file coords-v9.pdb (PDB, C-alpha atoms)
ATOM      1  CA  MET J   1    -158.622  85.468 -13.052
ATOM      2  CA  PRO J   2    -158.070  85.643 -16.837
ATOM      3  CA  SER J   3    -154.819  84.010 -17.917
ATOM      4  CA  ARG J   4    -151.754  86.230 -18.196
ATOM      5  CA  THR J   5    -150.307  86.954 -21.610
ATOM      6  CA  PRO J   6    -146.699  86.559 -22.774
ATOM      7  CA  ALA J   7    -144.296  89.473 -22.368
ATOM      8  CA  ALA J   8    -143.421  89.843 -26.062
ATOM      9  CA  PRO J   9    -145.405  92.542 -27.897
ATOM     10  CA  ALA J  10    -148.243  90.996 -29.927
ATOM     11  CA  VAL J  11    -151.752  91.893 -31.057
ATOM     12  CA  HIS J  12    -153.296  89.737 -28.339
ATOM     13  CA  ARG J  13    -151.808  92.124 -25.761
ATOM     14  CA  ILE J  14    -153.799  95.001 -27.267
ATOM     15  CA  GLY J  15    -157.385  95.326 -26.091
ATOM     16  CA  PHE J  16    -160.175  97.466 -27.462
ATOM     17  CA  GLY J  17    -161.949  99.972 -25.215
ATOM     18  CA  LEU J  18    -165.424 101.321 -25.975
ATOM     19  CA  ALA J  19    -165.128 104.654 -24.157
ATOM     20  CA  ALA J  20    -164.957 106.645 -27.416
ATOM     21  CA  VAL J  21    -167.786 104.924 -29.297
ATOM     22  CA  GLY J  22    -170.374 104.145 -26.642
ATOM     23  CA  ARG J  23    -171.571 107.755 -26.293
ATOM     24  CA  PRO J  24    -171.611 110.853 -28.505
ATOM     25  CA  GLY J  25    -169.467 113.072 -26.253
ATOM     26  CA  TYR J  26    -166.036 112.281 -24.823
ATOM     27  CA  LEU J  27    -162.807 114.120 -24.049
ATOM     28  CA  ASN J  28    -160.689 112.655 -26.856
ATOM     29  CA  LEU J  29    -159.297 115.191 -29.305
ATOM     30  CA  GLY J  30    -160.417 115.107 -32.948
ATOM     31  CA  ARG J  31    -163.853 113.574 -32.429
ATOM     32  CA  ASP J  32    -165.487 116.033 -34.842
ATOM     33  CA  GLN J  33    -163.542 114.322 -37.633
ATOM     34  CA  ASP J  34    -163.792 110.753 -36.340
ATOM     35  CA  LEU J  35    -167.472 110.100 -35.679
ATOM     36  CA  PRO J  36    -170.497 109.688 -37.954
ATOM     37  CA  PRO J  37    -172.631 112.792 -38.639
ATOM     38  CA  GLY J  38    -175.230 113.424 -35.981
ATOM     39  CA  ARG J  39    -173.808 110.724 -33.695
ATOM     40  CA  GLY J  40    -177.226 109.140 -33.305
ATOM     41  CA  VAL J  41    -177.629 105.908 -31.369
ATOM     42  CA  ASP J  42    -177.962 103.727 -34.478
ATOM     43  CA  ALA J  43    -174.935 105.309 -36.150
ATOM     44  CA  MET J  44    -172.809 104.904 -33.029
ATOM     45  CA  ARG J  45    -173.992 101.316 -32.608
ATOM     46  CA  GLN J  46    -172.988 100.517 -36.181
ATOM     47  CA  ARG J  47    -169.587 102.139 -35.635
ATOM     48  CA  ALA J  48    -169.013 100.219 -32.403
ATOM     49  CA  HIS J  49    -170.007  96.916 -34.008
ATOM     50  CA  ALA J  50    -167.787  97.507 -37.033
ATOM     51  CA  LEU J  51    -164.812  98.214 -34.792
ATOM     52  CA  LEU J  52    -165.558  95.196 -32.605
ATOM     53  CA  ASP J  53    -165.668  93.026 -35.743
ATOM     54  CA  GLN J  54    -162.373  94.460 -36.935
ATOM     55  CA  ALA J  55    -160.734  94.064 -33.541
ATOM     56  CA  TRP J  56    -161.835  90.451 -33.164
ATOM     57  CA  ASP J  57    -160.859  89.518 -36.716
ATOM     58  CA  SER J  58    -157.433  91.119 -36.136
ATOM     59  CA  GLY J  59    -156.728  89.013 -33.073
ATOM     60  CA  VAL J  60    -157.852  91.302 -30.231
ATOM     61  CA  ARG J  61    -159.188  89.229 -27.358
ATOM     62  CA  HIS J  62    -159.918  91.789 -24.621
ATOM     63  CA  ILE J  63    -162.849  94.210 -24.795
ATOM     64  CA  ASP J  64    -163.242  96.894 -22.122
ATOM     65  CA  THR J  65    -166.317  98.921 -21.282
ATOM     66  CA  ALA J  66    -168.051 100.618 -18.316
ATOM     67  CA  ARG J  67    -171.477 101.554 -17.030
ATOM     68  CA  SER J  68    -170.688 105.229 -17.687
ATOM     69  CA  TYR J  69    -169.749 104.769 -21.351
ATOM     70  CA  GLY J  70    -173.230 105.687 -22.543
ATOM     71  CA  ARG J  71    -174.711 102.613 -24.258
ATOM     72  CA  ALA J  72    -171.398 100.777 -24.663
ATOM     73  CA  GLU J  73    -172.414  97.740 -22.600
ATOM     74  CA  GLU J  74    -175.611  97.510 -24.646
ATOM     75  CA  PHE J  75    -173.690  97.754 -27.922
ATOM     76  CA  LEU J  76    -171.276  95.075 -26.745
ATOM     77  CA  ALA J  77    -174.081  92.768 -25.617
ATOM     78  CA  GLN J  78    -175.745  93.039 -29.027
ATOM     79  CA  TRP J  79    -172.448  92.310 -30.751
ATOM     80  CA  LEU J  80    -171.810  89.297 -28.526
ATOM     81  CA  GLU J  81    -175.245  87.918 -29.364
ATOM     82  CA  ARG J  82    -174.656  88.384 -33.076
ATOM     83  CA  ARG J  83    -171.129  86.943 -33.176
ATOM     84  CA  GLY J  84    -171.872  83.736 -31.283
ATOM     85  CA  GLU J  85    -169.010  81.833 -29.662
ATOM     86  CA  ARG J  86    -165.767  83.773 -29.170
ATOM     87  CA  PRO J  87    -163.134  81.468 -27.632
ATOM     88  CA  GLY J  88    -160.593  83.295 -25.500
ATOM     89  CA  LEU J  89    -162.479  86.603 -25.294
ATOM     90  CA  VAL J  90    -162.038  88.573 -22.054
ATOM     91  CA  VAL J  91    -164.703  91.191 -21.235
ATOM     92  CA  SER J  92    -164.047  93.807 -18.572
ATOM     93  CA  SER J  93    -166.426  96.466 -17.350
ATOM     94  CA  LYS J  94    -166.473  99.050 -14.576
ATOM     95  CA  TRP J  95    -168.931 100.474 -12.061
ATOM     96  CA  GLY J  96    -168.833 103.643  -9.969
ATOM     97  CA  TYR J  97    -169.765 106.326 -12.499
ATOM     98  CA  THR J  98    -173.318 106.880 -13.727
ATOM     99  CA  TYR J  99    -173.813 108.250 -17.243
ATOM    100  CA  THR J 100    -175.885 111.451 -17.039
ATOM    101  CA  ALA J 101    -175.475 113.173 -20.429
ATOM    102  CA  ASP J 102    -178.697 111.778 -21.941
ATOM    103  CA  TRP J 103    -176.944 111.289 -25.289
ATOM    104  CA  GLN J 104    -175.929 114.934 -25.527
ATOM    105  CA  VAL J 105    -172.463 115.966 -26.747
ATOM    106  CA  HIS J 106    -172.309 119.121 -24.656
ATOM    107  CA  ALA J 107    -174.078 118.122 -21.455
ATOM    108  CA  GLU J 108    -173.585 120.013 -18.209
ATOM    109  CA  ALA J 109    -172.412 116.772 -16.558
ATOM    110  CA  HIS J 110    -171.504 113.622 -18.479
ATOM    111  CA  GLU J 111    -171.086 111.285 -15.521
ATOM    112  CA  VAL J 112    -171.450 111.287 -11.737
ATOM    113  CA  LYS J 113    -169.048 109.372  -9.492
ATOM    114  CA  ASP J 114    -170.291 107.329  -6.529
ATOM    115  CA  HIS J 115    -168.408 104.386  -5.016
ATOM    116  CA  SER J 116    -171.113 103.437  -2.513
ATOM    117  CA  ALA J 117    -172.331  99.880  -2.001
ATOM    118  CA  ALA J 118    -175.782 100.946  -3.214
ATOM    119  CA  THR J 119    -174.362 102.135  -6.530
ATOM    120  CA  TYR J 120    -172.379  98.906  -6.847
ATOM    121  CA  GLU J 121    -175.483  96.754  -6.356
ATOM    122  CA  ARG J 122    -177.519  98.816  -8.826
ATOM    123  CA  GLN J 123    -174.847  98.913 -11.512
ATOM    124  CA  LEU J 124    -173.886  95.252 -11.121
ATOM    125  CA  ALA J 125    -177.522  94.360 -11.793
ATOM    126  CA  GLU J 126    -177.522  96.644 -14.844
ATOM    127  CA  THR J 127    -174.301  95.127 -16.159
ATOM    128  CA  ARG J 128    -175.548  91.594 -15.579
ATOM    129  CA  SER J 129    -178.794  92.321 -17.417
ATOM    130  CA  LEU J 130    -176.651  92.945 -20.505
ATOM    131  CA  LEU J 131    -173.454  90.940 -20.085
ATOM    132  CA  ASP J 132    -174.394  88.052 -17.817
ATOM    133  CA  GLY J 133    -172.343  85.032 -18.795
ATOM    134  CA  HIS J 134    -169.720  87.183 -20.511
ATOM    135  CA  LEU J 135    -168.389  89.357 -17.689
ATOM    136  CA  ASP J 136    -164.847  88.329 -16.736
ATOM    137  CA  ILE J 137    -163.522  91.407 -14.907
ATOM    138  CA  TYR J 138    -165.544  93.985 -12.944
ATOM    139  CA  GLN J 139    -163.622  97.014 -11.738
ATOM    140  CA  VAL J 140    -164.268  99.964  -9.443
ATOM    141  CA  HIS J 141    -164.074 102.945 -11.787
ATOM    142  CA  SER J 142    -161.349 105.541 -11.098
ATOM    143  CA  ILE J 143    -160.280 104.973  -7.510
ATOM    144  CA  THR J 144    -158.325 107.821  -5.932
ATOM    145  CA  PRO J 145    -156.706 107.782  -2.480
ATOM    146  CA  ASP J 146    -159.790 109.374  -0.896
ATOM    147  CA  SER J 147    -162.254 106.914  -2.441
ATOM    148  CA  PRO J 148    -164.593 105.186   0.024
ATOM    149  CA  ALA J 149    -164.026 102.018  -2.009
ATOM    150  CA  LEU J 150    -160.709 101.724  -0.165
ATOM    151  CA  THR J 151    -162.246 101.786   3.310
ATOM    152  CA  ASP J 152    -165.826 100.471   3.028
ATOM    153  CA  THR J 153    -165.575  96.965   4.486
ATOM    154  CA  ALA J 154    -169.210  96.184   3.675
ATOM    155  CA  LEU J 155    -168.500  96.964   0.033
ATOM    156  CA  HIS J 156    -165.398  94.793   0.215
ATOM    157  CA  ARG J 157    -167.557  91.872   1.342
ATOM    158  CA  ARG J 158    -169.911  92.392  -1.580
ATOM    159  CA  LEU J 159    -166.999  92.511  -4.026
ATOM    160  CA  ALA J 160    -165.492  89.371  -2.492
ATOM    161  CA  ALA J 161    -168.828  87.604  -3.032
ATOM    162  CA  LEU J 162    -168.632  88.496  -6.716
ATOM    163  CA  ALA J 163    -165.077  87.167  -6.858
ATOM    164  CA  ALA J 164    -166.298  83.916  -5.312
ATOM    165  CA  GLU J 165    -168.599  83.568  -8.330
ATOM    166  CA  GLY J 166    -165.565  83.572 -10.626
ATOM    167  CA  VAL J 167    -165.497  87.223 -11.722
ATOM    168  CA  THR J 168    -162.146  88.974 -11.316
ATOM    169  CA  VAL J 169    -162.639  91.992  -9.055
ATOM    170  CA  GLY J 170    -160.432  94.923 -10.010
ATOM    171  CA  MET J 171    -160.066  98.668  -9.877
ATOM    172  CA  SER J 172    -159.095 101.471 -12.204
ATOM    173  CA  THR J 173    -157.272 104.627 -11.182
ATOM    174  CA  SER J 174    -156.966 108.215 -12.312
ATOM    175  CA  GLY J 175    -155.459 111.453 -11.079
ATOM    176  CA  PRO J 176    -151.990 112.516  -9.965
ATOM    177  CA  ALA J 177    -151.844 110.050  -7.039
ATOM    178  CA  GLN J 178    -152.434 106.814  -8.925
ATOM    179  CA  GLY J 179    -149.471 105.113  -7.267
ATOM    180  CA  GLU J 180    -150.819 105.830  -3.791
ATOM    181  CA  ALA J 181    -154.255 104.478  -4.737
ATOM    182  CA  ILE J 182    -152.791 101.315  -6.276
ATOM    183  CA  ARG J 183    -150.680 100.547  -3.230
ATOM    184  CA  ALA J 184    -153.588 101.169  -0.856
ATOM    185  CA  ALA J 185    -155.821  98.849  -2.882
ATOM    186  CA  MET J 186    -153.207  96.091  -2.873
ATOM    187  CA  GLU J 187    -153.314  96.055   0.929
ATOM    188  CA  ILE J 188    -157.040  95.247   1.073
ATOM    189  CA  THR J 189    -157.911  91.667   1.961
ATOM    190  CA  VAL J 190    -161.119  89.811   2.769
ATOM    191  CA  ASP J 191    -160.745  86.684   4.884
ATOM    192  CA  GLY J 192    -157.012  86.846   4.257
ATOM    193  CA  GLU J 193    -157.318  86.947   0.453
ATOM    194  CA  PRO J 194    -156.382  89.962  -1.705
ATOM    195  CA  LEU J 195    -159.543  91.664  -2.958
ATOM    196  CA  PHE J 196    -158.364  93.441  -6.102
ATOM    197  CA  ARG J 197    -156.847  91.123  -8.696
ATOM    198  CA  SER J 198    -156.634  93.519 -11.643
ATOM    199  CA  VAL J 199    -155.528  97.134 -11.989
ATOM    200  CA  GLN J 200    -156.401  99.444 -14.889
ATOM    201  CA  SER J 201    -154.434 102.694 -14.835
ATOM    202  CA  THR J 202    -153.383 105.593 -16.997
ATOM    203  CA  TRP J 203    -149.811 105.230 -18.186
ATOM    204  CA  ASN J 204    -148.403 106.994 -21.209
ATOM    205  CA  LEU J 205    -145.300 108.833 -22.372
ATOM    206  CA  LEU J 206    -146.600 112.068 -20.853
ATOM    207  CA  GLU J 207    -147.762 110.516 -17.562
ATOM    208  CA  PRO J 208    -145.699 107.463 -16.529
ATOM    209  CA  SER J 209    -145.761 108.080 -12.767
ATOM    210  CA  ALA J 210    -147.884 105.006 -11.947
ATOM    211  CA  GLY J 211    -145.216 102.707 -13.410
ATOM    212  CA  PRO J 212    -143.458 101.679 -10.170
ATOM    213  CA  ALA J 213    -146.728 100.875  -8.377
ATOM    214  CA  LEU J 214    -148.006  98.968 -11.422
ATOM    215  CA  ALA J 215    -144.775  96.972 -11.504
ATOM    216  CA  GLU J 216    -145.317  96.066  -7.845
ATOM    217  CA  ALA J 217    -148.903  95.056  -8.545
ATOM    218  CA  HIS J 218    -147.794  92.918 -11.479
ATOM    219  CA  ALA J 219    -145.108  91.241  -9.381
ATOM    220  CA  SER J 220    -147.760  90.339  -6.807
ATOM    221  CA  GLY J 221    -149.832  88.556  -9.470
ATOM    222  CA  ARG J 222    -152.309  91.250 -10.451
ATOM    223  CA  MET J 223    -153.364  91.687 -14.073
ATOM    224  CA  ILE J 224    -152.274  95.107 -15.380
ATOM    225  CA  ILE J 225    -154.369  96.932 -17.975
ATOM    226  CA  VAL J 226    -153.177 100.292 -19.306
ATOM    227  CA  LYS J 227    -155.678 102.913 -20.465
ATOM    228  CA  GLU J 228    -155.248 106.333 -22.082
ATOM    229  CA  ALA J 229    -151.975 105.288 -23.709
ATOM    230  CA  MET J 230    -152.321 108.171 -26.183
ATOM    231  CA  ALA J 231    -153.221 110.775 -23.566
ATOM    232  CA  ASN J 232    -156.737 111.373 -24.938
ATOM    233  CA  GLY J 233    -155.335 111.926 -28.423
ATOM    234  CA  ARG J 234    -152.510 114.301 -27.515
ATOM    235  CA  LEU J 235    -149.818 111.805 -28.485
ATOM    236  CA  ALA J 236    -151.549 110.832 -31.713
ATOM    237  CA  LEU J 237    -152.183 114.346 -32.981
ATOM    238  CA  GLY J 238    -148.880 115.752 -31.806
ATOM    239  CA  GLU J 239    -147.805 119.029 -30.196
ATOM    240  CA  PRO J 240    -144.544 120.916 -30.888
ATOM    241  CA  ARG J 241    -142.738 119.186 -28.021
ATOM    242  CA  ILE J 242    -144.197 115.812 -28.969
ATOM    243  CA  ASP J 243    -143.138 116.301 -32.591
ATOM    244  CA  GLN J 244    -139.619 117.112 -31.473
ATOM    245  CA  VAL J 245    -139.313 113.860 -29.518
ATOM    246  CA  LEU J 246    -141.417 111.401 -31.498
ATOM    247  CA  GLY J 247    -140.638 112.757 -34.964
ATOM    248  CA  PRO J 248    -137.112 111.269 -35.173
ATOM    249  CA  VAL J 249    -138.274 107.925 -33.740
ATOM    250  CA  SER J 250    -141.154 107.798 -36.213
ATOM    251  CA  ALA J 251    -138.793 108.573 -39.087
ATOM    252  CA  ALA J 252    -136.363 105.864 -37.977
ATOM    253  CA  THR J 253    -138.950 103.135 -37.369
ATOM    254  CA  GLY J 254    -141.607 104.032 -39.915
ATOM    255  CA  ALA J 255    -144.225 103.875 -37.155
ATOM    256  CA  PRO J 256    -146.819 106.648 -36.704
ATOM    257  CA  TYR J 257    -147.107 108.417 -33.369
ATOM    258  CA  ASP J 258    -150.073 106.377 -32.131
ATOM    259  CA  ALA J 259    -148.270 103.081 -32.748
ATOM    260  CA  LEU J 260    -145.174 104.426 -30.991
ATOM    261  CA  ALA J 261    -147.242 105.457 -27.967
ATOM    262  CA  LEU J 262    -148.852 102.029 -27.695
ATOM    263  CA  ALA J 263    -145.568 100.240 -28.373
ATOM    264  CA  ALA J 264    -143.945 102.165 -25.522
ATOM    265  CA  VAL J 265    -146.574 100.656 -23.222
ATOM    266  CA  LEU J 266    -146.125  97.149 -24.631
ATOM    267  CA  HIS J 267    -142.400  97.376 -23.927
ATOM    268  CA  GLN J 268    -143.051  97.785 -20.198
ATOM    269  CA  PRO J 269    -142.471  94.324 -18.670
ATOM    270  CA  TRP J 270    -145.333  94.683 -16.199
ATOM    271  CA  VAL J 271    -148.084  95.286 -18.776
ATOM    272  CA  ASP J 272    -150.574  92.559 -19.639
ATOM    273  CA  THR J 273    -152.925  94.560 -21.871
ATOM    274  CA  VAL J 274    -152.932  98.050 -23.349
ATOM    275  CA  LEU J 275    -156.250  99.404 -24.582
ATOM    276  CA  SER J 276    -156.826 100.993 -27.954
ATOM    277  CA  GLY J 277    -159.502 103.673 -27.811
ATOM    278  CA  ALA J 278    -159.885 103.898 -31.580
ATOM    279  CA  ALA J 279    -162.976 105.569 -32.996
ATOM    280  CA  THR J 280    -162.333 104.736 -36.670
ATOM    281  CA  SER J 281    -161.199 101.702 -38.627
ATOM    282  CA  ALA J 282    -158.049 103.489 -39.766
ATOM    283  CA  GLN J 283    -157.162 104.384 -36.188
ATOM    284  CA  LEU J 284    -157.635 100.791 -35.045
ATOM    285  CA  THR J 285    -155.470  99.471 -37.881
ATOM    286  CA  SER J 286    -152.740 101.946 -37.000
ATOM    287  CA  ASN J 287    -153.018 101.195 -33.270
ATOM    288  CA  LEU J 288    -152.666  97.464 -33.845
ATOM    289  CA  GLY J 289    -149.466  98.134 -35.757
ATOM    290  CA  ALA J 290    -147.865  98.771 -32.358
ATOM    291  CA  ALA J 291    -147.564  95.000 -31.957
ATOM    292  CA  THR J 292    -144.739  94.900 -34.494
ATOM    293  CA  VAL J 293    -142.859  98.059 -33.450
ATOM    294  CA  GLU J 294    -139.456  97.327 -31.925
ATOM    295  CA  LEU J 295    -138.044  99.989 -29.609
ATOM    296  CA  ASP J 296    -134.508  99.597 -28.307
ATOM    297  CA  PRO J 297    -133.518 101.014 -24.890
ATOM    298  CA  ASP J 298    -132.047 104.160 -26.436
ATOM    299  CA  ARG J 299    -135.266 105.007 -28.266
ATOM    300  CA  LEU J 300    -137.383 104.236 -25.217
ATOM    301  CA  ALA J 301    -135.156 106.523 -23.157
ATOM    302  CA  ALA J 302    -135.445 109.282 -25.754
ATOM    303  CA  MET J 303    -139.239 108.976 -25.741
ATOM    304  CA  GLY J 304    -139.197 109.126 -21.951
ATOM    305  CA  ALA J 305    -138.159 112.771 -22.210
ATOM    306  CA  LEU J 306    -141.835 113.587 -22.836
ATOM    307  CA  ALA J 307    -142.806 112.843 -19.227
ATOM    308  CA  GLN J 308    -144.529 115.653 -17.348
ATOM    309  CA  SER J 309    -145.192 116.013 -13.657
ATOM    310  CA  PRO J 310    -148.422 114.239 -12.673
ATOM    311  CA  ALA J 311    -149.891 117.541 -11.458
ATOM    312  CA  ALA J 312    -149.228 119.239 -14.799
ATOM    313  CA  TYR J 313    -150.564 116.322 -16.838
ATOM    314  CA  TRP J 314    -153.820 115.947 -14.913
ATOM    315  CA  ALA J 315    -154.389 119.689 -14.793
ATOM    316  CA  HIS J 316    -154.125 119.770 -18.597
ATOM    317  CA  ARG J 317    -156.425 116.754 -18.923
ATOM    318  CA  SER J 318    -159.057 118.381 -16.724
ATOM    319  CA  GLN J 319    -159.259 121.248 -19.230
ATOM    320  CA  LEU J 320    -159.904 119.034 -22.277
ATOM    321  CA  PRO J 321    -163.371 119.661 -23.713
ATOM    322  CA  TRP J 322    -165.998 116.961 -24.067
ATOM    323  CA  GLU J 323    -166.681 117.051 -27.783
TER     324      GLU J 323
END

call {"tool": "encode", "arguments": {"input": "coords-v9.pdb", "output": "structure tokens"}}
result
Amino acid sequence: MPSRTPAAPAVHRIGFGLAAVGRPGYLNLGRDQDLPPGRGVDAMRQRAHALLDQAWDSGVRHIDTARSYGRAEEFLAQWLERRGERPGLVVSSKWGYTYTADWQVHAEAHEVKDHSAATYERQLAETRSLLDGHLDIYQVHSITPDSPALTDTALHRRLAALAAEGVTVGMSTSGPAQGEAIRAAMEITVDGEPLFRSVQSTWNLLEPSAGPALAEAHASGRMIIVKEAMANGRLALGEPRIDQVLGPVSAATGAPYDALALAAVLHQPWVDTVLSGAATSAQLTSNLGAATVELDPDRLAAMGALAQSPAAYWAHRSQLPWE
């Protein structure tokens, strides 16, 4: 599996995720101000490539994408071809959701979930057609406790075969029972060997409930990748309660809310990589500033007051518009 990174906060522990720039519609707040007019394919490709250039030149060495992120794998493949050799780059992608929006911002359905072996075989072939030779981590997208990916032994065999080729097999999680899904996945073995070697989960100041299970996964040798560190933009844009908690910390440290949110993740000892989902150059610059933000235990504890119940957080997230 990709080498683990040091515990101290640094830019190389911040990855760049393409969820926000691989398709015209997503559920991040503020997209009407962030994206190029029209959001055509060429404009979005140019934006993605510019951000990939900036991320690489700034020291980012982990790029994350997925089959369901519109044309994100395609954009990344074109960038990889243009940039040439990139020593130390880690590329992760995910299968299990199929993009169905047909490049529409307000589609009836943006993606369809299916964790069957047939979908895995189809999407692995699609990913390989674009990223073959670059794919380091391939993850089941958004496992929940009821996912057939936890019980389908034939699928497990197929995933183990991919791992035998040198690709790290992992899983991402979502929903209010992330901890349960993580622990169930850690129990899965094939021929006595753990199947899932990386875990990508939502953890942020509003929804930290997966922390204990992620710590267990990290202690067992899994790579831990944190997504949605800014709660789909909620922590960056602020809400009255968020202002009340983060405002004093921002004033004391000089760090903007987005950098504080990412820094809070970097200060968790079980985190290997936290993903920036920036859609603009300014956002990426600000996000990367998290690498230099120092948070003492008192400030971390104060920021922890933002935590909601998992049920409340995910109910709110489910109501966010794709825009």

call {"tool": "closest_residue", "arguments": {"input": "coords-v9.pdb", "among": "J:Val112, J:Ala282, J:Met186, J:Leu266", "to": "Leu214 in chain J", "atoms": "all atoms listed in the file"}}
result
J:Met186

call {"tool": "closest_residue", "arguments": {"input": "coords-v9.pdb", "among": "J:Ser68, J:Ser220, J:Ser309, J:Thr189", "to": "Leu155 in chain J", "atoms": "only C-alpha atoms"}}
result
J:Thr189

call {"tool": "resolve_selection", "arguments": {"input": "coords-v9.pdb", "expression": "the PyMOL selection byres ((chain J and resi 130) around 8)", "output": "list in words"}}
result
Glu73, Glu74, Ala77, Glu126, Thr127, Arg128, Ser129, Leu131 and Asp132 of chain J

call {"tool": "closest_residue", "arguments": {"input": "coords-v9.pdb", "among": "J:Arg241, J:His115, J:Arg23, J:Arg83", "to": "Trp95 in chain J", "atoms": "all atoms listed in the file"}}
result
J:His115

call {"tool": "residues_around", "arguments": {"input": "coords-v9.pdb", "residues": "Lys94 in chain J", "least_positions_apart": "6", "cutoff": "6 Å", "atoms": "only C-alpha atoms", "output": "PyMOL selection string"}}
result
chain J and resi 66+138-141

call {"tool": "resolve_selection", "arguments": {"input": "coords-v9.pdb", "expression": "the PyMOL selection byres ((chain J and resi 253) around 12)", "output": "VMD selection string"}}
result
chain J and resid 246 to 252 254 to 257 259 to 260 263 289 to 290 292 to 296 299

call {"tool": "residues_around", "arguments": {"input": "coords-v9.pdb", "residues": "Asn287 in chain J", "least_positions_apart": "3", "cutoff": "8 Å", "atoms": "all atoms listed in the file", "output": "compact mmCIF listing (two decimals) with C-alpha atoms, in the frame of the given file"}}
result
# COMPACT_ATOMS: atom_id res chain seq x y z
CA ASP J 258 -150.07 106.38 -32.13
CA ALA J 259 -148.27 103.08 -32.75
CA LEU J 262 -148.85 102.03 -27.70
CA SER J 276 -156.83 100.99 -27.95
CA ALA J 278 -159.88 103.90 -31.58
CA GLN J 283 -157.16 104.38 -36.19
CA LEU J 284 -157.64 100.79 -35.04
CA ALA J 290 -147.86 98.77 -32.36

call {"tool": "atom_distance", "arguments": {"input": "coords-v9.pdb", "atom1": "CA of Ala117 in chain J", "atom2": "CA of Leu159 in chain J"}}
result
9.3 Å

call {"tool": "atom_distance", "arguments": {"input": "coords-v9.pdb", "atom1": "CA of Thr151 in chain J", "atom2": "CA of Ile137 in chain J"}}
result
21.0 Å

call {"tool": "resolve_selection", "arguments": {"input": "coords-v9.pdb", "expression": "the PyMOL selection byres ((chain J and resi 10) around 12)", "output": "ChimeraX atom specification"}}
result
/J:5-9,11-15,58-61,262-263,265-267,271-274,287-294

call {"tool": "axis_aligned_box", "arguments": {"input": "coords-v9.pdb", "around": "range 57-61 of chain J", "padding_each_side": "3 Å", "output": "lines of an AutoDock Vina configuration file"}}
result
center_x = -158.8
center_y = 90.2
center_z = -32.0
size_x = 10.1
size_y = 8.3
size_z = 15.4

call {"tool": "closest_residue", "arguments": {"input": "coords-v9.pdb", "among": "J:Leu76, J:Ala161, J:Pro310, J:Thr98", "to": "Asp53 in chain J", "atoms": "all atoms listed in the file"}}
result
J:Leu76

call {"tool": "atom_distance", "arguments": {"input": "coords-v9.pdb", "atom1": "CA of Ala210 in chain J", "atom2": "CA of Pro321 in chain J"}}
result
24.4 Å

call {"tool": "residues_around", "arguments": {"input": "coords-v9.pdb", "residues": "His316 in chain J", "least_positions_apart": "5", "cutoff": "12 Å", "atoms": "all atoms listed in the file", "output": "JSON list (two decimals) with C-alpha atoms, in the coordinates of the input"}}
result
[["chain", "number", "residue", "atom", "x", "y", "z"],
["J", 27, "LEU", "CA", -162.81, 114.12, -24.05],
["J", 175, "GLY", "CA", -155.46, 111.45, -11.08],
["J", 176, "PRO", "CA", -151.99, 112.52, -9.96],
["J", 206, "LEU", "CA", -146.60, 112.07, -20.85],
["J", 207, "GLU", "CA", -147.76, 110.52, -17.56],
["J", 231, "ALA", "CA", -153.22, 110.78, -23.57],
["J", 232, "ASN", "CA", -156.74, 111.37, -24.94],
["J", 234, "ARG", "CA", -152.51, 114.30, -27.52],
["J", 308, "GLN", "CA", -144.53, 115.65, -17.35],
["J", 309, "SER", "CA", -145.19, 116.01, -13.66],
["J", 310, "PRO", "CA", -148.42, 114.24, -12.67],
["J", 311, "ALA", "CA", -149.89, 117.54, -11.46],
["J", 321, "PRO", "CA", -163.37, 119.66, -23.71]]

call {"tool": "closest_residue", "arguments": {"input": "coords-v9.pdb", "among": "J:Ala19, J:Ile182, J:Ala118, J:Met44", "to": "Ser209 in chain J", "atoms": "all atoms listed in the file"}}
result
J:Ile182
